[in-house]
Structure formats: structure tokens, C-alpha cells
file structure-v6.tsv (TSV, N, CA and C atoms and all ligand atoms)
chain	number	residue	atom	x	y	z
A	1	MET	N	-136.33	8.06	-35.10
A	1	MET	CA	-135.22	7.79	-34.17
A	1	MET	C	-135.05	6.29	-33.97
A	2	THR	N	-133.86	5.89	-33.82
A	2	THR	CA	-133.62	4.47	-33.55
A	2	THR	C	-133.69	4.25	-32.04
A	3	ALA	N	-134.07	3.05	-31.70
A	3	ALA	CA	-134.13	2.71	-30.27
A	3	ALA	C	-132.74	2.78	-29.68
A	4	ALA	N	-132.69	3.22	-28.46
A	4	ALA	CA	-131.39	3.31	-27.79
A	4	ALA	C	-130.79	1.90	-27.68
A	5	VAL	N	-129.56	1.82	-28.04
A	5	VAL	CA	-128.88	0.52	-27.95
A	5	VAL	C	-128.23	0.43	-26.58
A	6	ARG	N	-128.64	-0.60	-25.85
A	6	ARG	CA	-128.03	-0.76	-24.52
A	6	ARG	C	-126.59	-1.21	-24.70
A	7	GLU	N	-125.77	-0.63	-23.92
A	7	GLU	CA	-124.37	-1.01	-23.98
A	7	GLU	C	-124.23	-2.43	-23.43
A	8	LEU	N	-123.59	-3.28	-24.18
A	8	LEU	CA	-123.43	-4.66	-23.72
A	8	LEU	C	-122.29	-4.73	-22.71
A	9	LEU	N	-122.62	-5.40	-21.61
A	9	LEU	CA	-121.57	-5.56	-20.60
A	9	LEU	C	-120.56	-6.60	-21.10
A	10	PRO	N	-119.30	-6.37	-20.81
A	10	PRO	CA	-118.26	-7.27	-21.33
A	10	PRO	C	-118.27	-8.63	-20.63
A	11	CYS	N	-117.54	-9.56	-21.20
A	11	CYS	CA	-117.37	-10.87	-20.58
A	11	CYS	C	-116.78	-10.70	-19.18
A	12	GLY	N	-117.17	-11.61	-18.31
A	12	GLY	CA	-116.71	-11.50	-16.93
A	12	GLY	C	-117.79	-10.86	-16.06
A	13	THR	N	-119.00	-10.75	-16.59
A	13	THR	CA	-120.14	-10.24	-15.81
A	13	THR	C	-121.27	-11.25	-15.92
A	14	ASP	N	-122.20	-11.17	-14.98
A	14	ASP	CA	-123.35	-12.08	-15.02
A	14	ASP	C	-124.22	-11.78	-16.23
A	15	ALA	N	-124.32	-10.51	-16.60
A	15	ALA	CA	-125.12	-10.13	-17.78
A	15	ALA	C	-124.57	-10.80	-19.04
A	16	ALA	N	-123.26	-10.80	-19.14
A	16	ALA	CA	-122.63	-11.44	-20.30
A	16	ALA	C	-122.84	-12.95	-20.27
A	17	TYR	N	-122.85	-13.50	-19.06
A	17	TYR	CA	-123.13	-14.94	-18.92
A	17	TYR	C	-124.52	-15.24	-19.48
A	18	GLN	N	-125.51	-14.39	-19.06
A	18	GLN	CA	-126.89	-14.59	-19.54
A	18	GLN	C	-126.95	-14.46	-21.07
A	19	ARG	N	-126.14	-13.58	-21.61
A	19	ARG	CA	-126.10	-13.39	-23.06
A	19	ARG	C	-125.60	-14.65	-23.75
A	20	HIS	N	-124.54	-15.25	-23.17
A	20	HIS	CA	-124.03	-16.51	-23.71
A	20	HIS	C	-125.16	-17.54	-23.73
A	21	VAL	N	-125.88	-17.63	-22.60
A	21	VAL	CA	-126.94	-18.65	-22.47
A	21	VAL	C	-128.04	-18.40	-23.50
A	22	ARG	N	-128.46	-17.13	-23.60
A	22	ARG	CA	-129.54	-16.82	-24.56
A	22	ARG	C	-129.11	-17.15	-25.98
A	23	ALA	N	-127.84	-16.92	-26.28
A	23	ALA	CA	-127.32	-17.18	-27.62
A	23	ALA	C	-127.12	-18.68	-27.84
A	24	GLY	N	-127.23	-19.44	-26.76
A	24	GLY	CA	-127.10	-20.89	-26.90
A	24	GLY	C	-125.66	-21.35	-27.01
A	25	ASP	N	-124.73	-20.51	-26.64
A	25	ASP	CA	-123.34	-20.97	-26.68
A	25	ASP	C	-122.81	-21.23	-25.27
A	26	LEU	N	-121.64	-21.75	-25.22
A	26	LEU	CA	-121.04	-22.05	-23.93
A	26	LEU	C	-120.43	-20.78	-23.36
A	27	ALA	N	-120.73	-20.53	-22.10
A	27	ALA	CA	-120.16	-19.34	-21.47
A	27	ALA	C	-118.65	-19.52	-21.33
A	28	CYS	N	-117.94	-18.41	-21.49
A	28	CYS	CA	-116.49	-18.46	-21.31
A	28	CYS	C	-116.18	-18.50	-19.81
A	29	ASP	N	-114.96	-18.82	-19.47
A	29	ASP	CA	-114.59	-18.96	-18.06
A	29	ASP	C	-114.84	-17.70	-17.22
A	30	PRO	N	-114.44	-16.52	-17.71
A	30	PRO	CA	-114.71	-15.31	-16.89
A	30	PRO	C	-116.20	-15.13	-16.61
A	31	CYS	N	-117.04	-15.46	-17.61
A	31	CYS	CA	-118.48	-15.32	-17.41
A	31	CYS	C	-119.00	-16.36	-16.42
A	32	LEU	N	-118.49	-17.58	-16.52
A	32	LEU	CA	-118.89	-18.63	-15.57
A	32	LEU	C	-118.54	-18.21	-14.15
A	33	ASP	N	-117.37	-17.68	-13.97
A	33	ASP	CA	-116.96	-17.23	-12.63
A	33	ASP	C	-117.89	-16.13	-12.13
A	34	ALA	N	-118.18	-15.17	-13.01
A	34	ALA	CA	-119.06	-14.06	-12.62
A	34	ALA	C	-120.44	-14.59	-12.25
A	35	HIS	N	-120.91	-15.57	-13.00
A	35	HIS	CA	-122.24	-16.12	-12.72
A	35	HIS	C	-122.25	-16.85	-11.36
A	36	ARG	N	-121.20	-17.60	-11.09
A	36	ARG	CA	-121.13	-18.30	-9.79
A	36	ARG	C	-121.19	-17.31	-8.64
A	37	VAL	N	-120.47	-16.22	-8.80
A	37	VAL	CA	-120.46	-15.20	-7.74
A	37	VAL	C	-121.85	-14.59	-7.59
A	38	ALA	N	-122.49	-14.29	-8.73
A	38	ALA	CA	-123.82	-13.67	-8.68
A	38	ALA	C	-124.84	-14.60	-8.03
A	39	VAL	N	-124.79	-15.87	-8.38
A	39	VAL	CA	-125.73	-16.84	-7.82
A	39	VAL	C	-125.46	-17.02	-6.33
A	40	GLY	N	-124.20	-17.10	-5.98
A	40	GLY	CA	-123.83	-17.26	-4.57
A	40	GLY	C	-124.30	-16.10	-3.72
A	41	ALA	N	-124.25	-14.90	-4.29
A	41	ALA	CA	-124.65	-13.71	-3.54
A	41	ALA	C	-126.15	-13.68	-3.28
A	42	ARG	N	-126.92	-14.34	-4.15
A	42	ARG	CA	-128.37	-14.34	-3.98
A	42	ARG	C	-128.82	-15.37	-2.95
A	43	ARG	N	-127.97	-16.36	-2.72
A	43	ARG	CA	-128.36	-17.42	-1.79
A	43	ARG	C	-128.13	-17.00	-0.36
A	44	PRO	N	-128.98	-17.50	0.55
A	44	PRO	CA	-128.72	-17.23	1.96
A	44	PRO	C	-127.44	-17.95	2.37
A	45	PRO	N	-126.76	-17.43	3.37
A	45	PRO	CA	-125.53	-18.10	3.79
A	45	PRO	C	-125.83	-19.55	4.19
A	46	PRO	N	-125.00	-20.48	3.81
A	46	PRO	CA	-125.31	-21.88	4.09
A	46	PRO	C	-125.26	-22.17	5.59
A	47	THR	N	-126.13	-23.05	5.99
A	47	THR	CA	-126.09	-23.52	7.37
A	47	THR	C	-124.86	-24.41	7.49
A	48	ARG	N	-124.14	-24.22	8.55
A	48	ARG	CA	-122.95	-25.03	8.70
A	48	ARG	C	-123.36	-26.48	8.91
A	49	ILE	N	-122.72	-27.38	8.21
A	49	ILE	CA	-123.03	-28.79	8.34
A	49	ILE	C	-122.00	-29.44	9.25
A	50	TYR	N	-122.50	-30.05	10.29
A	50	TYR	CA	-121.61	-30.76	11.21
A	50	TYR	C	-121.59	-32.22	10.84
A	51	ARG	N	-120.43	-32.79	10.84
A	51	ARG	CA	-120.32	-34.14	10.32
A	51	ARG	C	-120.40	-35.21	11.40
A	52	SER	N	-119.94	-34.91	12.58
A	52	SER	CA	-119.91	-35.96	13.58
A	52	SER	C	-120.57	-35.53	14.87
A	53	ARG	N	-120.97	-36.49	15.67
A	53	ARG	CA	-121.57	-36.19	16.96
A	53	ARG	C	-120.56	-35.45	17.82
A	54	ASP	N	-119.30	-35.83	17.64
A	54	ASP	CA	-118.23	-35.19	18.39
A	54	ASP	C	-118.20	-33.68	18.13
A	55	GLU	N	-118.30	-33.34	16.87
A	55	GLU	CA	-118.26	-31.94	16.48
A	55	GLU	C	-119.46	-31.19	17.05
A	56	ILE	N	-120.62	-31.84	17.02
A	56	ILE	CA	-121.84	-31.23	17.53
A	56	ILE	C	-121.73	-31.02	19.04
A	57	LEU	N	-121.18	-32.01	19.74
A	57	LEU	CA	-121.04	-31.88	21.19
A	57	LEU	C	-120.03	-30.80	21.56
A	58	GLU	N	-119.00	-30.67	20.76
A	58	GLU	CA	-118.02	-29.60	20.99
A	58	GLU	C	-118.71	-28.25	20.88
A	59	GLU	N	-119.55	-28.12	19.85
A	59	GLU	CA	-120.28	-26.88	19.63
A	59	GLU	C	-121.23	-26.59	20.79
A	60	TRP	N	-121.89	-27.63	21.26
A	60	TRP	CA	-122.79	-27.48	22.40
A	60	TRP	C	-122.02	-27.04	23.64
A	61	ASP	N	-120.88	-27.65	23.83
A	61	ASP	CA	-120.06	-27.35	24.99
A	61	ASP	C	-119.65	-25.87	25.00
A	62	ARG	N	-119.37	-25.35	23.82
A	62	ARG	CA	-118.96	-23.94	23.71
A	62	ARG	C	-120.14	-22.99	23.92
A	63	HIS	N	-121.35	-23.45	23.60
A	63	HIS	CA	-122.49	-22.54	23.61
A	63	HIS	C	-123.50	-22.83	24.70
A	64	ARG	N	-123.17	-23.76	25.59
A	64	ARG	CA	-124.10	-24.11	26.66
A	64	ARG	C	-124.47	-22.86	27.45
A	65	GLY	N	-125.76	-22.65	27.64
A	65	GLY	CA	-126.20	-21.48	28.40
A	65	GLY	C	-126.43	-20.26	27.50
A	66	LEU	N	-125.88	-20.31	26.30
A	66	LEU	CA	-126.07	-19.18	25.37
A	66	LEU	C	-127.17	-19.51	24.36
A	67	VAL	N	-127.27	-20.80	24.05
A	67	VAL	CA	-128.29	-21.26	23.11
A	67	VAL	C	-129.17	-22.25	23.88
A	68	ARG	N	-130.47	-22.12	23.72
A	68	ARG	CA	-131.35	-23.04	24.43
A	68	ARG	C	-131.22	-24.45	23.87
A	69	PHE	N	-131.34	-25.42	24.75
A	69	PHE	CA	-131.23	-26.82	24.34
A	69	PHE	C	-132.19	-27.15	23.21
A	70	VAL	N	-133.44	-26.66	23.32
A	70	VAL	CA	-134.45	-27.00	22.32
A	70	VAL	C	-134.22	-26.30	20.98
A	71	ASP	N	-133.36	-25.27	20.98
A	71	ASP	CA	-133.10	-24.55	19.73
A	71	ASP	C	-131.77	-24.92	19.10
A	72	PHE	N	-130.97	-25.64	19.86
A	72	PHE	CA	-129.60	-25.87	19.42
A	72	PHE	C	-129.49	-26.60	18.08
A	73	HIS	N	-130.42	-27.53	17.84
A	73	HIS	CA	-130.32	-28.33	16.60
A	73	HIS	C	-130.32	-27.47	15.34
A	74	THR	N	-131.03	-26.33	15.38
A	74	THR	CA	-131.07	-25.49	14.17
A	74	THR	C	-129.69	-24.91	13.89
A	75	ARG	N	-128.96	-24.68	14.96
A	75	ARG	CA	-127.64	-24.12	14.81
A	75	ARG	C	-126.68	-25.07	14.10
A	76	VAL	N	-126.85	-26.35	14.36
A	76	VAL	CA	-125.92	-27.32	13.78
A	76	VAL	C	-126.53	-28.06	12.59
A	77	GLY	N	-127.73	-27.64	12.17
A	77	GLY	CA	-128.30	-28.18	10.95
A	77	GLY	C	-128.75	-29.63	11.04
A	78	ILE	N	-129.25	-30.04	12.20
A	78	ILE	CA	-129.81	-31.39	12.31
A	78	ILE	C	-131.23	-31.25	12.88
A	79	THR	N	-131.98	-32.35	12.88
A	79	THR	CA	-133.34	-32.27	13.41
A	79	THR	C	-133.30	-32.28	14.93
A	80	ALA	N	-134.41	-31.84	15.52
A	80	ALA	CA	-134.51	-31.83	16.98
A	80	ALA	C	-134.36	-33.25	17.52
A	81	ALA	N	-134.97	-34.21	16.82
A	81	ALA	CA	-134.90	-35.60	17.28
A	81	ALA	C	-133.46	-36.13	17.22
A	82	ALA	N	-132.77	-35.79	16.16
A	82	ALA	CA	-131.38	-36.25	16.02
A	82	ALA	C	-130.50	-35.65	17.11
A	83	TRP	N	-130.78	-34.40	17.43
A	83	TRP	CA	-130.00	-33.73	18.48
A	83	TRP	C	-130.26	-34.37	19.84
A	84	ARG	N	-131.54	-34.61	20.16
A	84	ARG	CA	-131.86	-35.25	21.45
A	84	ARG	C	-131.22	-36.62	21.54
A	85	ARG	N	-131.30	-37.38	20.45
A	85	ARG	CA	-130.72	-38.71	20.41
A	85	ARG	C	-129.22	-38.65	20.69
A	86	ALA	N	-128.56	-37.76	19.96
A	86	ALA	CA	-127.10	-37.64	20.11
A	86	ALA	C	-126.74	-37.22	21.53
A	87	PHE	N	-127.51	-36.28	22.07
A	87	PHE	CA	-127.22	-35.75	23.40
A	87	PHE	C	-127.40	-36.81	24.48
A	88	TYR	N	-128.56	-37.49	24.45
A	88	TYR	CA	-128.83	-38.44	25.52
A	88	TYR	C	-127.97	-39.69	25.41
A	89	ARG	N	-127.60	-40.04	24.20
A	89	ARG	CA	-126.69	-41.17	24.05
A	89	ARG	C	-125.32	-40.81	24.64
A	90	ALA	N	-124.87	-39.63	24.32
A	90	ALA	CA	-123.58	-39.18	24.85
A	90	ALA	C	-123.63	-39.10	26.38
A	91	GLN	N	-124.78	-38.64	26.88
A	91	GLN	CA	-124.95	-38.53	28.33
A	91	GLN	C	-124.88	-39.93	28.97
A	92	ALA	N	-125.52	-40.89	28.33
A	92	ALA	CA	-125.52	-42.26	28.85
A	92	ALA	C	-124.11	-42.83	28.85
A	93	GLU	N	-123.31	-42.36	27.91
A	93	GLU	CA	-121.92	-42.83	27.83
A	93	GLU	C	-121.00	-42.05	28.76
A	94	GLY	N	-121.58	-41.09	29.48
A	94	GLY	CA	-120.79	-40.34	30.45
A	94	GLY	C	-119.95	-39.23	29.83
A	95	ASP	N	-120.34	-38.81	28.64
A	95	ASP	CA	-119.61	-37.72	27.99
A	95	ASP	C	-119.82	-36.43	28.80
A	96	ARG	N	-118.73	-35.81	29.23
A	96	ARG	CA	-118.86	-34.62	30.09
A	96	ARG	C	-119.48	-33.43	29.34
A	97	ARG	N	-119.47	-33.47	28.03
A	97	ARG	CA	-120.03	-32.36	27.26
A	97	ARG	C	-121.55	-32.41	27.21
A	98	ALA	N	-122.10	-33.60	27.46
A	98	ALA	CA	-123.55	-33.78	27.38
A	98	ALA	C	-124.20	-33.36	28.69
A	99	ARG	N	-124.10	-32.09	28.99
A	99	ARG	CA	-124.75	-31.50	30.16
A	99	ARG	C	-125.57	-30.31	29.68
A	100	LYS	N	-126.69	-30.10	30.35
A	100	LYS	CA	-127.50	-28.94	30.00
A	100	LYS	C	-127.10	-27.77	30.88
A	101	ALA	N	-127.44	-26.60	30.44
A	101	ALA	CA	-127.27	-25.41	31.27
A	101	ALA	C	-128.41	-25.39	32.28
A	102	ALA	N	-128.23	-24.70	33.40
A	102	ALA	CA	-129.28	-24.61	34.42
A	102	ALA	C	-130.58	-24.10	33.81
A	103	THR	N	-130.45	-23.18	32.88
A	103	THR	CA	-131.64	-22.57	32.26
A	103	THR	C	-132.37	-23.55	31.36
A	104	ASP	N	-131.73	-24.67	31.03
A	104	ASP	CA	-132.36	-25.64	30.14
A	104	ASP	C	-133.11	-26.72	30.90
A	105	HIS	N	-133.00	-26.71	32.23
A	105	HIS	CA	-133.67	-27.75	32.99
A	105	HIS	C	-135.10	-27.37	33.24
A	106	PRO	N	-136.02	-28.35	33.11
A	106	PRO	CA	-137.40	-28.06	33.39
A	106	PRO	C	-137.53	-27.63	34.85
A	107	GLY	N	-138.36	-26.67	35.11
A	107	GLY	CA	-138.54	-26.21	36.48
A	107	GLY	C	-137.61	-25.06	36.84
A	108	PHE	N	-136.73	-24.70	35.91
A	108	PHE	CA	-135.90	-23.53	36.17
A	108	PHE	C	-136.84	-22.34	36.33
A	109	PRO	N	-136.62	-21.52	37.38
A	109	PRO	CA	-137.57	-20.43	37.63
A	109	PRO	C	-137.81	-19.59	36.37
A	110	ALA	N	-139.04	-19.47	36.02
A	110	ALA	CA	-139.39	-18.66	34.85
A	110	ALA	C	-139.11	-17.20	35.16
A	111	ARG	N	-138.68	-16.49	34.13
A	111	ARG	CA	-138.39	-15.07	34.32
A	111	ARG	C	-139.69	-14.32	34.58
A	112	ARG	N	-139.62	-13.42	35.54
A	112	ARG	CA	-140.81	-12.60	35.82
A	112	ARG	C	-140.75	-11.34	34.98
A	113	ALA	N	-141.90	-10.90	34.57
A	113	ALA	CA	-141.96	-9.62	33.85
A	113	ALA	C	-141.58	-8.52	34.82
A	114	ALA	N	-140.71	-7.62	34.41
A	114	ALA	CA	-140.23	-6.57	35.30
A	114	ALA	C	-141.33	-5.56	35.60
B	1	ZN	ZN	-118.14	-14.47	-21.77
call {"tool": "encode", "arguments": {"input": "structure-v6.tsv", "output": "C-alpha cells"}}
result
Amino acid sequence: MTAAVRELLPCGTDAAYQRHVRAGDLACDPCLDAHRVAVGARRPPPTRIYRSRDEILEEWDRHRGLVRFVDFHTRVGITAAAWRRAFYRAQAEGDRRARKAATDHPGFPARRAA
């Protein structure tokens, strides 16, 4: 008996893209598109990148009280130090958005176990 021949997937699939690569030729456009989609699907969703302090403060203003101050930097894809710097500088400049939620202030009554 001959070995079963796997049906080759047509161009426009990631499998066909891999076939192009293995054969050492240039993938055709439909295969390139299929490969981009396949690779994109495997990646975790990108963290949103904020470009300006203004944008970050707007985001903070919308989420104050919903996201903890110490965790907020992960949401906007910057370091904790960069976030504190941006926040306190804005606060020093009197930016109304640079306010913490009551729950973010040290000494806020800790929640009791029910
Ligand atoms: Zn192809």
C-alpha cells in the first residue's frame, strides 16, 4: 500500500504559506495574508500604547475609582515610576485630572472580612 497522501491545502492558507517557505520560494500574496492572520491570532492582544501624558490622564480621569492607582500603569502600558512621575507632575501643575480616588489614599479604611 502506498502512504496516504495528505491533501494539500490551497494557496491562501497558513499551511500553504509554510509550504512556500519550505520549498524556499516566495509566498504569494494570498498566502502572506493568511500567514499574517494566523500569526496575529496566536499573539495576545496588544497592550494599548498611549502616546502622551494627556492621553494617559484622560484615561485615568475616566477610570478613577475603578482601577487602583498602583495598578493603573499596566493598563496604559507604562512603568509604575513613569506613571507616578506623570501624575505628580500634572498634580503640581494643577491639572484637575491628577486626583486620586478616595480608595487610593493611604489610610482609607481597609475592607473588613464579612
Ligand atoms: Zn501561495
call {"tool": "residues_near_point", "arguments": {"input": "structure-v6.tsv", "point": "(-115.4, -35.8, 22.2)", "cutoff": "8 Å", "atoms": "all atoms listed in the file", "output": "ChimeraX atom specification"}}
result
/A:53-55,57-58,95-97
call {"tool": "residues_around", "arguments": {"input": "structure-v6.tsv", "residues": "Thr13 in chain A", "least_positions_apart": "4", "cutoff": "10 Å", "atoms": "only C-alpha atoms", "output": "NGL selection string"}}
result
:A and (9 or 17-19 or 30-35 or 37-38)
call {"tool": "closest_residue", "arguments": {"input": "structure-v6.tsv", "among": "A:Ala90, A:Ala82, A:Val39, A:Ala101", "to": "Val67 in chain A", "atoms": "only C-alpha atoms"}}
result
A:Ala101
call {"tool": "select_by_dssp", "arguments": {"input": "structure-v6.tsv", "residues": "range 3-101 of chain A", "states": "helix (DSSP H, G or I)", "output": "PyMOL selection string"}}
result
chain A and resi 14-23+29-42+53-63+72-76+80-92
call {"tool": "residues_near_ligand", "arguments": {"input": "structure-v6.tsv", "ligand": "ligand ZN 1 (chain B)", "cutoff": "6 Å", "atoms": "only C-alpha atoms and all ligand atoms", "output": "PyMOL selection string"}}
result
chain A and resi 11-12+16-17+27-28+31
call {"tool": "atom_distance", "arguments": {"input": "structure-v6.tsv", "atom1": "CA of Arg75 in chain A", "atom2": "CA of Gly40 in chain A"}}
result
20.9 Å
call {"tool": "atom_distance", "arguments": {"input": "structure-v6.tsv", "atom1": "atom N of Gly65 in chain A", "atom2": "atom C of Lys100 in chain A"}}
result
6.2 Å
call {"tool": "atom_distance", "arguments": {"input": "structure-v6.tsv", "atom1": "atom N of Ser52 in chain A", "atom2": "atom C of Thr103 in chain A"}}
result
25.2 Å
call {"tool": "closest_residue", "arguments": {"input": "structure-v6.tsv", "among": "A:Val21, A:Asp14, A:Phe87, A:Ala98", "to": "Arg36 in chain A", "atoms": "only C-alpha atoms"}}
result
A:Asp14
call {"tool": "axis_aligned_box", "arguments": {"input": "structure-v6.tsv", "around": "range 93-100 of chain A", "padding_each_side": "5 Å", "output": "lines of an AutoDock Vina configuration file"}}
result
center_x = -123.1
center_y = -35.3
center_z = 29.0
size_x = 18.8
size_y = 25.1
size_z = 13.7
call {"tool": "residues_around", "arguments": {"input": "structure-v6.tsv", "residues": "Ala102 in chain A", "least_positions_apart": "2", "cutoff": "12 Å", "atoms": "only C-alpha atoms", "output": "PyMOL selection string"}}
result
chain A and resi 64-69+99-100+104-110
